[in-house]
file coords-v9.cif (mmCIF, C-alpha atoms)
data_target
#
loop_
_atom_site.label_atom_id
_atom_site.label_comp_id
_atom_site.auth_asym_id
_atom_site.auth_seq_id
_atom_site.Cartn_x
_atom_site.Cartn_y
_atom_site.Cartn_z
CA MET A 1456 0.00 0.00 0.00
CA THR A 1457 1.30 3.45 -0.91
CA MET A 1458 0.12 6.93 0.03
CA GLN A 1459 2.10 8.67 -2.70
CA LEU A 1460 -0.07 10.74 -5.06
CA ASN A 1461 0.69 12.32 -8.41
CA PRO A 1462 3.20 15.12 -7.69
CA THR A 1463 2.05 18.75 -7.74
CA LYS A 1464 3.57 22.05 -6.65
CA LEU A 1465 1.95 21.54 -3.23
CA GLY A 1466 4.59 18.89 -2.54
CA ASP A 1467 7.48 21.17 -3.47
CA LYS A 1468 9.37 22.97 -0.70
CA SER A 1469 10.19 25.91 -2.99
CA TYR A 1470 6.47 26.50 -3.46
CA TRP A 1471 5.86 26.76 0.28
CA ASP A 1472 8.92 28.95 0.76
CA SER A 1473 7.43 31.33 -1.81
CA VAL A 1474 3.95 31.21 -0.27
CA TYR A 1475 5.12 31.92 3.27
CA GLU A 1476 7.56 34.61 2.20
CA GLU A 1477 4.71 36.41 0.46
CA GLU A 1478 2.46 35.95 3.49
CA ARG A 1479 5.24 37.20 5.77
CA GLN A 1480 5.59 40.34 3.68
CA ASN A 1481 1.82 40.83 3.64
CA PHE A 1482 1.77 40.53 7.41
CA ASP A 1483 4.52 43.13 7.69
CA GLN A 1484 2.63 45.55 5.49
CA PHE A 1485 -1.02 44.90 6.24
CA GLY A 1486 -1.21 42.71 9.35
CA ASP A 1487 -2.78 39.87 7.34
CA GLU A 1488 -2.01 36.60 9.14
CA GLY A 1489 -2.40 34.56 5.96
CA GLU A 1490 -4.44 31.54 4.93
CA ILE A 1491 -5.51 28.94 7.48
CA TRP A 1492 -4.93 25.61 5.78
CA PHE A 1493 -8.26 23.67 5.75
CA GLY A 1494 -9.98 26.64 7.43
CA GLN A 1495 -10.61 27.80 10.99
CA GLU A 1496 -13.20 25.07 11.61
CA SER A 1497 -10.55 22.36 11.22
CA VAL A 1498 -8.36 24.17 13.74
CA ASP A 1499 -11.24 24.46 16.21
CA LYS A 1500 -12.12 20.78 15.90
CA MET A 1501 -8.53 19.67 16.54
CA VAL A 1502 -8.24 21.98 19.55
CA GLN A 1503 -11.51 20.70 21.01
CA TRP A 1504 -10.35 17.10 20.57
CA ALA A 1505 -7.11 18.00 22.38
CA ILE A 1506 -9.01 19.62 25.26
CA GLU A 1507 -11.05 16.45 25.71
CA HIS A 1508 -8.25 13.89 25.45
CA VAL A 1509 -5.03 15.77 26.30
CA PRO A 1510 -6.25 18.62 28.53
CA PRO A 1511 -4.16 21.71 29.30
CA GLY A 1512 -3.45 20.58 32.84
CA GLY A 1513 -1.88 17.35 31.65
CA ASP A 1514 -1.70 14.20 33.76
CA SER A 1515 1.38 15.04 35.77
CA GLY A 1516 1.91 17.43 38.62
CA SER A 1517 5.61 17.77 37.82
CA ARG A 1518 5.12 20.09 34.88
CA ASP A 1519 2.65 22.62 33.53
CA GLY A 1520 0.76 20.79 30.82
CA PRO A 1521 1.37 18.31 27.99
CA PHE A 1522 4.18 18.60 25.46
CA ILE A 1523 2.60 19.25 22.05
CA LEU A 1524 4.29 19.26 18.64
CA ASP A 1525 2.63 20.85 15.60
CA ILE A 1526 4.07 19.23 12.46
CA GLY A 1527 4.15 21.69 9.55
CA THR A 1528 2.99 24.67 11.57
CA GLY A 1529 2.44 27.04 8.62
CA ASN A 1530 1.48 30.37 10.19
CA GLY A 1531 1.39 28.91 13.69
CA ILE A 1532 -2.36 29.35 14.15
CA LEU A 1533 -2.92 25.88 15.59
CA CYS A 1534 -0.30 26.50 18.27
CA LEU A 1535 -1.73 29.92 19.05
CA SER A 1536 -5.26 28.50 19.26
CA LEU A 1537 -4.09 25.98 21.84
CA VAL A 1538 -2.61 28.78 23.94
CA GLU A 1539 -5.89 30.69 23.71
CA GLU A 1540 -7.60 27.64 25.25
CA GLY A 1541 -5.29 27.55 28.25
CA TYR A 1542 -2.35 25.41 27.12
CA ASN A 1543 1.08 26.42 28.35
CA PRO A 1544 3.03 27.98 25.45
CA GLN A 1545 6.30 26.77 26.95
CA THR A 1546 5.28 23.15 26.30
CA ILE A 1547 4.26 23.72 22.66
CA MET A 1548 6.48 23.69 19.58
CA GLY A 1549 5.60 24.30 15.94
CA ILE A 1550 8.00 23.03 13.29
CA ASP A 1551 8.14 23.59 9.55
CA TYR A 1552 10.72 22.95 6.85
CA SER A 1553 10.14 26.46 5.49
CA GLU A 1554 12.11 29.19 7.26
CA ALA A 1555 9.62 31.82 6.06
CA SER A 1556 6.82 29.85 7.77
CA VAL A 1557 8.68 29.92 11.07
CA GLN A 1558 9.40 33.64 10.72
CA LEU A 1559 5.73 34.35 10.00
CA SER A 1560 4.62 32.27 13.00
CA GLU A 1561 7.00 34.14 15.29
CA GLN A 1562 5.78 37.50 14.00
CA ILE A 1563 2.11 36.59 14.51
CA ALA A 1564 2.78 35.29 18.03
CA LYS A 1565 4.59 38.52 18.87
CA SER A 1566 1.76 40.64 17.47
CA ARG A 1567 -0.71 38.72 19.67
CA GLU A 1568 1.60 39.22 22.65
CA VAL A 1569 2.02 35.47 23.14
CA GLU A 1570 5.32 34.66 24.81
CA GLY A 1571 6.98 31.29 25.33
CA LEU A 1572 5.91 29.51 22.12
CA THR A 1573 8.74 27.82 20.23
CA PHE A 1574 8.93 27.66 16.44
CA LYS A 1575 11.79 25.84 14.72
CA VAL A 1576 12.89 25.12 11.16
CA VAL A 1577 12.82 21.32 11.02
CA ASP A 1578 12.26 18.73 8.29
CA PHE A 1579 10.06 16.32 10.22
CA VAL A 1580 11.01 13.25 8.21
CA HIS A 1581 14.72 13.83 7.66
CA GLY A 1582 15.66 16.22 10.45
CA LYS A 1583 15.96 16.06 14.22
CA THR A 1584 13.24 17.66 16.30
CA PRO A 1585 14.81 19.50 19.26
CA ASN A 1586 13.56 19.09 22.80
CA LEU A 1587 11.85 21.72 24.86
CA HIS A 1588 12.96 22.54 28.39
CA GLY A 1589 11.99 19.69 30.67
CA GLN A 1590 12.04 17.01 27.98
CA ASP A 1591 14.46 14.09 28.06
CA GLY A 1592 15.17 11.77 25.14
CA GLU A 1593 13.38 11.60 21.80
CA ALA A 1594 10.10 9.86 22.69
CA CYS A 1595 8.86 12.64 24.95
CA TRP A 1596 5.83 14.22 23.26
CA ASP A 1597 2.30 13.81 24.60
CA LEU A 1598 0.56 14.95 21.42
CA LEU A 1599 1.60 15.30 17.78
CA LEU A 1600 -0.63 17.32 15.46
CA ASP A 1601 -0.76 17.34 11.66
CA LYS A 1602 -3.15 19.53 9.67
CA GLY A 1603 -2.37 19.00 6.00
CA THR A 1604 1.36 18.34 6.23
CA TYR A 1605 1.08 14.65 5.41
CA ASP A 1606 -1.18 15.62 2.51
CA ALA A 1607 1.52 17.90 1.11
CA MET A 1608 4.14 15.17 1.51
CA ALA A 1609 1.93 12.80 -0.48
CA LEU A 1610 2.09 15.25 -3.38
CA SER A 1611 5.90 15.43 -3.42
CA ALA A 1612 7.93 13.86 -6.22
CA ASP A 1613 9.59 10.48 -5.91
CA PRO A 1614 13.07 11.05 -4.41
CA GLY A 1615 14.56 8.42 -6.74
CA SER A 1616 17.82 6.50 -6.31
CA GLY A 1617 16.11 3.83 -4.25
CA GLN A 1618 15.16 6.27 -1.50
CA GLU A 1619 11.88 5.91 0.36
CA HIS A 1620 9.15 8.44 -0.25
CA PRO A 1621 8.53 10.81 2.70
CA THR A 1622 5.05 9.34 3.23
CA SER A 1623 6.66 5.97 3.93
CA LEU A 1624 9.12 7.40 6.45
CA TYR A 1625 6.61 9.59 8.25
CA PRO A 1626 4.86 6.96 10.46
CA SER A 1627 8.13 5.79 12.05
CA ARG A 1628 8.98 9.40 12.93
CA VAL A 1629 5.63 9.70 14.69
CA THR A 1630 6.27 6.67 16.89
CA ALA A 1631 9.88 7.73 17.52
CA LEU A 1632 8.73 11.05 19.00
CA LEU A 1633 5.60 9.98 20.87
CA LYS A 1634 5.91 8.84 24.47
CA PRO A 1635 4.07 5.63 25.38
CA GLY A 1636 0.43 6.58 25.77
CA GLY A 1637 0.92 9.69 23.63
CA PHE A 1638 -1.51 10.72 20.89
CA PHE A 1639 -1.21 11.54 17.19
CA LEU A 1640 -4.02 13.58 15.62
CA ILE A 1641 -4.02 14.05 11.85
CA THR A 1642 -6.37 15.97 9.55
CA SER A 1643 -6.32 15.09 5.86
CA CYS A 1644 -8.27 16.19 2.81
CA ASN A 1645 -6.53 13.74 0.47
CA PHE A 1646 -7.22 10.51 2.35
CA THR A 1647 -10.20 8.98 4.09
CA GLU A 1648 -10.20 8.06 7.74
CA GLN A 1649 -10.03 4.38 6.77
CA GLU A 1650 -7.04 4.91 4.48
CA ILE A 1651 -5.18 6.82 7.19
CA GLU A 1652 -6.01 4.22 9.83
CA ASN A 1653 -5.04 1.26 7.66
CA TYR A 1654 -1.75 2.76 6.53
CA PHE A 1655 -0.44 4.06 9.84
CA THR A 1656 -1.39 0.99 11.87
CA SER A 1657 0.13 -1.35 9.27
CA LYS A 1658 3.38 0.62 9.14
CA GLU A 1659 3.61 1.09 12.91
CA PRO A 1660 1.80 -1.60 14.95
CA SER A 1661 2.37 0.36 18.16
CA LEU A 1662 -0.03 3.02 16.83
CA LYS A 1663 -3.57 2.06 17.70
CA TYR A 1664 -6.68 3.73 16.33
CA HIS A 1665 -8.25 5.82 19.10
CA SER A 1666 -11.04 8.03 17.78
CA ARG A 1667 -12.19 10.36 15.05
CA VAL A 1668 -13.44 13.91 14.71
CA ARG A 1669 -16.67 14.34 12.80
CA HIS A 1670 -16.79 16.77 9.89
CA PRO A 1671 -19.75 17.99 7.82
CA THR A 1672 -20.85 15.39 5.27
CA TYR A 1673 -22.16 15.62 1.74
CA THR A 1674 -24.09 13.16 -0.40
CA PHE A 1675 -23.43 12.57 -4.09
CA GLY A 1676 -24.59 9.71 -6.27
CA GLY A 1677 -26.19 8.02 -3.31
CA LYS A 1678 -22.97 7.99 -1.27
CA SER A 1679 -22.05 10.15 1.71
CA GLY A 1680 -18.64 11.49 2.60
CA SER A 1681 -16.69 14.34 4.18
CA THR A 1682 -14.40 16.90 2.61
CA CYS A 1683 -11.72 15.94 5.12
CA SER A 1684 -10.98 13.43 7.87
CA THR A 1685 -9.44 13.80 11.31
CA THR A 1686 -8.13 10.63 12.91
CA ALA A 1687 -6.52 10.01 16.30
CA PHE A 1688 -4.05 7.30 17.26
CA ARG A 1689 -2.51 6.36 20.59
CA LYS A 1690 0.92 4.81 20.98
CA GLU A 1691 1.06 1.67 23.09
#

call {"tool": "encode", "arguments": {"input": "coords-v9.cif", "output": "structure tokens"}}
result
Amino acid sequence: MTMQLNPTKLGDKSYWDSVYEEERQNFDQFGDEGEIWFGQESVDKMVQWAIEHVPPGGDSGSRDGPFILDIGTGNGILCLSLVEEGYNPQTIMGIDYSEASVQLSEQIAKSREVEGLTFKVVDFVHGKTPNLHGQDGEACWDLLLDKGTYDAMALSADPGSGQEHPTSLYPSRVTALLKPGGFFLITSCNFTEQEIENYFTSKEPSLKYHSRVRHPTYTFGGKSGSTCSTTAFRKE
């Protein structure tokens, strides 16, 4: 089973560098925070799922809340939305392989007077995700979030020379970073919930399907479906 789709510009890093550089300049000039990938509703639904299953207070009295990693943070809105709901910014990190994305996220956080959030330039699949203060080792995250990043990877070109496609490497990076009992929540508009569940659990048996987030449905030709899916996994 493969999750690789026909390549488009949406899978090209240079495209996203250009997009976020333009959005960064627009923010400088007009205060426009840029496009929210998949819309604000998708952000709200992911945040509400987090509040229910990985609440701001966390499950440990030794630190102030769960450690949360936003994979492909874009303009950082998902991270900022978590802070608005009471999560500790010092335990949240947003990463993106585009430097312009990280710069934009930092600028927006500053404009909203949010201090303590960490944004880093990291290639999730091929790079090393740094730890936040209080973390030890690699498998130390309570919650990993993905809103469209895996979709973009699926649209990237074949690396060639016998190298694995990023979509094949991605699941092992998730399990490497999650602590036992940690959650992975992914929103996709390219794949159904069943496709996501089947692929990730087959690639990484320690990832177990946990729950789903319901999205508005449509009916066409006698069949019903959603424009996107949000699926949660828990690491054993």

call {"tool": "closest_residue", "arguments": {"input": "coords-v9.cif", "among": "A:Phe1574, A:Gly1486, A:Ser1657, A:Ser1611", "to": "Lys1464 (chain A)", "atoms": "only C-alpha atoms"}}
result
A:Ser1611

call {"tool": "resolve_selection", "arguments": {"input": "coords-v9.cif", "expression": "the PyMOL selection byres ((chain A and resi 1477) around 12)", "output": "PyMOL selection string"}}
result
chain A and resi 1470-1476+1478-1485+1487-1490+1530+1555-1556+1558-1559

call {"tool": "write_last_selection", "arguments": {"input": "coords-v9.cif", "atoms": "C-alpha atoms", "output": "PDB file, keeping the file's coordinate frame"}}
result
ATOM      1  CA  TYR A1470       6.470  26.500  -3.460  1.00  0.00           C
ATOM      2  CA  TRP A1471       5.860  26.760   0.280  1.00  0.00           C
ATOM      3  CA  ASP A1472       8.920  28.950   0.760  1.00  0.00           C
ATOM      4  CA  SER A1473       7.430  31.330  -1.810  1.00  0.00           C
ATOM      5  CA  VAL A1474       3.950  31.210  -0.270  1.00  0.00           C
ATOM      6  CA  TYR A1475       5.120  31.920   3.270  1.00  0.00           C
ATOM      7  CA  GLU A1476       7.560  34.610   2.200  1.00  0.00           C
ATOM      8  CA  GLU A1478       2.460  35.950   3.490  1.00  0.00           C
ATOM      9  CA  ARG A1479       5.240  37.200   5.770  1.00  0.00           C
ATOM     10  CA  GLN A1480       5.590  40.340   3.680  1.00  0.00           C
ATOM     11  CA  ASN A1481       1.820  40.830   3.640  1.00  0.00           C
ATOM     12  CA  PHE A1482       1.770  40.530   7.410  1.00  0.00           C
ATOM     13  CA  ASP A1483       4.520  43.130   7.690  1.00  0.00           C
ATOM     14  CA  GLN A1484       2.630  45.550   5.490  1.00  0.00           C
ATOM     15  CA  PHE A1485      -1.020  44.900   6.240  1.00  0.00           C
ATOM     16  CA  ASP A1487      -2.780  39.870   7.340  1.00  0.00           C
ATOM     17  CA  GLU A1488      -2.010  36.600   9.140  1.00  0.00           C
ATOM     18  CA  GLY A1489      -2.400  34.560   5.960  1.00  0.00           C
ATOM     19  CA  GLU A1490      -4.440  31.540   4.930  1.00  0.00           C
ATOM     20  CA  ASN A1530       1.480  30.370  10.190  1.00  0.00           C
ATOM     21  CA  ALA A1555       9.620  31.820   6.060  1.00  0.00           C
ATOM     22  CA  SER A1556       6.820  29.850   7.770  1.00  0.00           C
ATOM     23  CA  GLN A1558       9.400  33.640  10.720  1.00  0.00           C
ATOM     24  CA  LEU A1559       5.730  34.350  10.000  1.00  0.00           C
TER      25      LEU A1559
END

call {"tool": "atom_distance", "arguments": {"input": "coords-v9.cif", "atom1": "CA of His1665 (chain A)", "atom2": "CA of Gly1541 (chain A)"}}
result
23.8 Å

call {"tool": "atom_distance", "arguments": {"input": "coords-v9.cif", "atom1": "CA of Gly1512 (chain A)", "atom2": "CA of Phe1579 (chain A)"}}
result
26.7 Å

call {"tool": "closest_residue", "arguments": {"input": "coords-v9.cif", "among": "A:Val1509, A:Leu1624, A:Leu1587, A:Cys1595", "to": "Ala1609 (chain A)", "atoms": "all atoms listed in the file"}}
result
A:Leu1624

call {"tool": "closest_residue", "arguments": {"input": "coords-v9.cif", "among": "A:Ile1491, A:Met1458, A:Leu1662, A:Ile1651", "to": "Cys1683 (chain A)", "atoms": "all atoms listed in the file"}}
result
A:Ile1651

call {"tool": "atom_distance", "arguments": {"input": "coords-v9.cif", "atom1": "CA of Pro1621 (chain A)", "atom2": "CA of Ile1563 (chain A)"}}
result
29.1 Å

call {"tool": "build_atoms", "arguments": {"input": "coords-v9.cif", "residues": "region 1495-1515 of chain A", "atoms": "N, CA and C atoms", "output": "mmCIF file, keeping the file's coordinate frame"}}
result
data_model
loop_
_atom_site.group_PDB
_atom_site.id
_atom_site.type_symbol
_atom_site.label_atom_id
_atom_site.label_comp_id
_atom_site.auth_asym_id
_atom_site.auth_seq_id
_atom_site.Cartn_x
_atom_site.Cartn_y
_atom_site.Cartn_z
ATOM 1 N N GLN A 1495 -10.583 27.646 9.541
ATOM 2 C CA GLN A 1495 -10.610 27.800 10.990
ATOM 3 C C GLN A 1495 -11.366 26.659 11.662
ATOM 4 N N GLU A 1496 -12.402 26.141 11.003
ATOM 5 C CA GLU A 1496 -13.200 25.070 11.610
ATOM 6 C C GLU A 1496 -12.343 23.844 11.901
ATOM 7 N N SER A 1497 -11.416 23.523 10.994
ATOM 8 C CA SER A 1497 -10.550 22.360 11.220
ATOM 9 C C SER A 1497 -9.630 22.587 12.411
ATOM 10 N N VAL A 1498 -9.172 23.821 12.578
ATOM 11 C CA VAL A 1498 -8.360 24.170 13.740
ATOM 12 C C VAL A 1498 -9.174 23.986 15.014
ATOM 13 N N ASP A 1499 -10.386 24.534 15.025
ATOM 14 C CA ASP A 1499 -11.240 24.460 16.210
ATOM 15 C C ASP A 1499 -11.548 23.021 16.604
ATOM 16 N N LYS A 1500 -11.802 22.181 15.614
ATOM 17 C CA LYS A 1500 -12.120 20.780 15.900
ATOM 18 C C LYS A 1500 -10.930 20.042 16.497
ATOM 19 N N MET A 1501 -9.725 20.327 15.999
ATOM 20 C CA MET A 1501 -8.530 19.670 16.540
ATOM 21 C C MET A 1501 -8.259 20.149 17.962
ATOM 22 N N VAL A 1502 -8.454 21.428 18.207
ATOM 23 C CA VAL A 1502 -8.240 21.980 19.550
ATOM 24 C C VAL A 1502 -9.244 21.387 20.528
ATOM 25 N N GLN A 1503 -10.492 21.269 20.119
ATOM 26 C CA GLN A 1503 -11.510 20.700 21.010
ATOM 27 C C GLN A 1503 -11.225 19.238 21.310
ATOM 28 N N TRP A 1504 -10.727 18.494 20.315
ATOM 29 C CA TRP A 1504 -10.350 17.100 20.570
ATOM 30 C C TRP A 1504 -9.217 17.076 21.603
ATOM 31 N N ALA A 1505 -8.238 17.952 21.447
ATOM 32 C CA ALA A 1505 -7.110 18.000 22.380
ATOM 33 C C ALA A 1505 -7.586 18.306 23.796
ATOM 34 N N ILE A 1506 -8.495 19.258 23.935
ATOM 35 C CA ILE A 1506 -9.010 19.620 25.260
ATOM 36 C C ILE A 1506 -9.652 18.418 25.938
ATOM 37 N N GLU A 1507 -10.358 17.611 25.152
ATOM 38 C CA GLU A 1507 -11.050 16.450 25.710
ATOM 39 C C GLU A 1507 -10.104 15.325 26.092
ATOM 40 N N HIS A 1508 -9.090 15.081 25.263
ATOM 41 C CA HIS A 1508 -8.250 13.890 25.450
ATOM 42 C C HIS A 1508 -6.852 14.181 25.999
ATOM 43 N N VAL A 1509 -6.351 15.390 25.774
ATOM 44 C CA VAL A 1509 -5.030 15.770 26.300
ATOM 45 C C VAL A 1509 -5.184 17.179 26.879
ATOM 46 N N PRO A 1510 -5.875 17.311 27.999
ATOM 47 C CA PRO A 1510 -6.250 18.620 28.530
ATOM 48 C C PRO A 1510 -5.050 19.472 28.930
ATOM 49 N N PRO A 1511 -5.256 20.787 28.999
ATOM 50 C CA PRO A 1511 -4.160 21.710 29.300
ATOM 51 C C PRO A 1511 -3.408 21.389 30.585
ATOM 52 N N GLY A 1512 -4.111 20.882 31.585
ATOM 53 C CA GLY A 1512 -3.450 20.580 32.840
ATOM 54 C C GLY A 1512 -2.554 19.371 32.798
ATOM 55 N N GLY A 1513 -2.688 18.553 31.761
ATOM 56 C CA GLY A 1513 -1.880 17.350 31.650
ATOM 57 C C GLY A 1513 -2.234 16.322 32.706
ATOM 58 N N ASP A 1514 -1.439 15.273 32.793
ATOM 59 C CA ASP A 1514 -1.700 14.200 33.760
ATOM 60 C C ASP A 1514 -0.577 14.061 34.774
ATOM 61 N N SER A 1515 0.247 15.103 34.861
ATOM 62 C CA SER A 1515 1.380 15.040 35.770
ATOM 63 C C SER A 1515 1.504 16.345 36.537
#
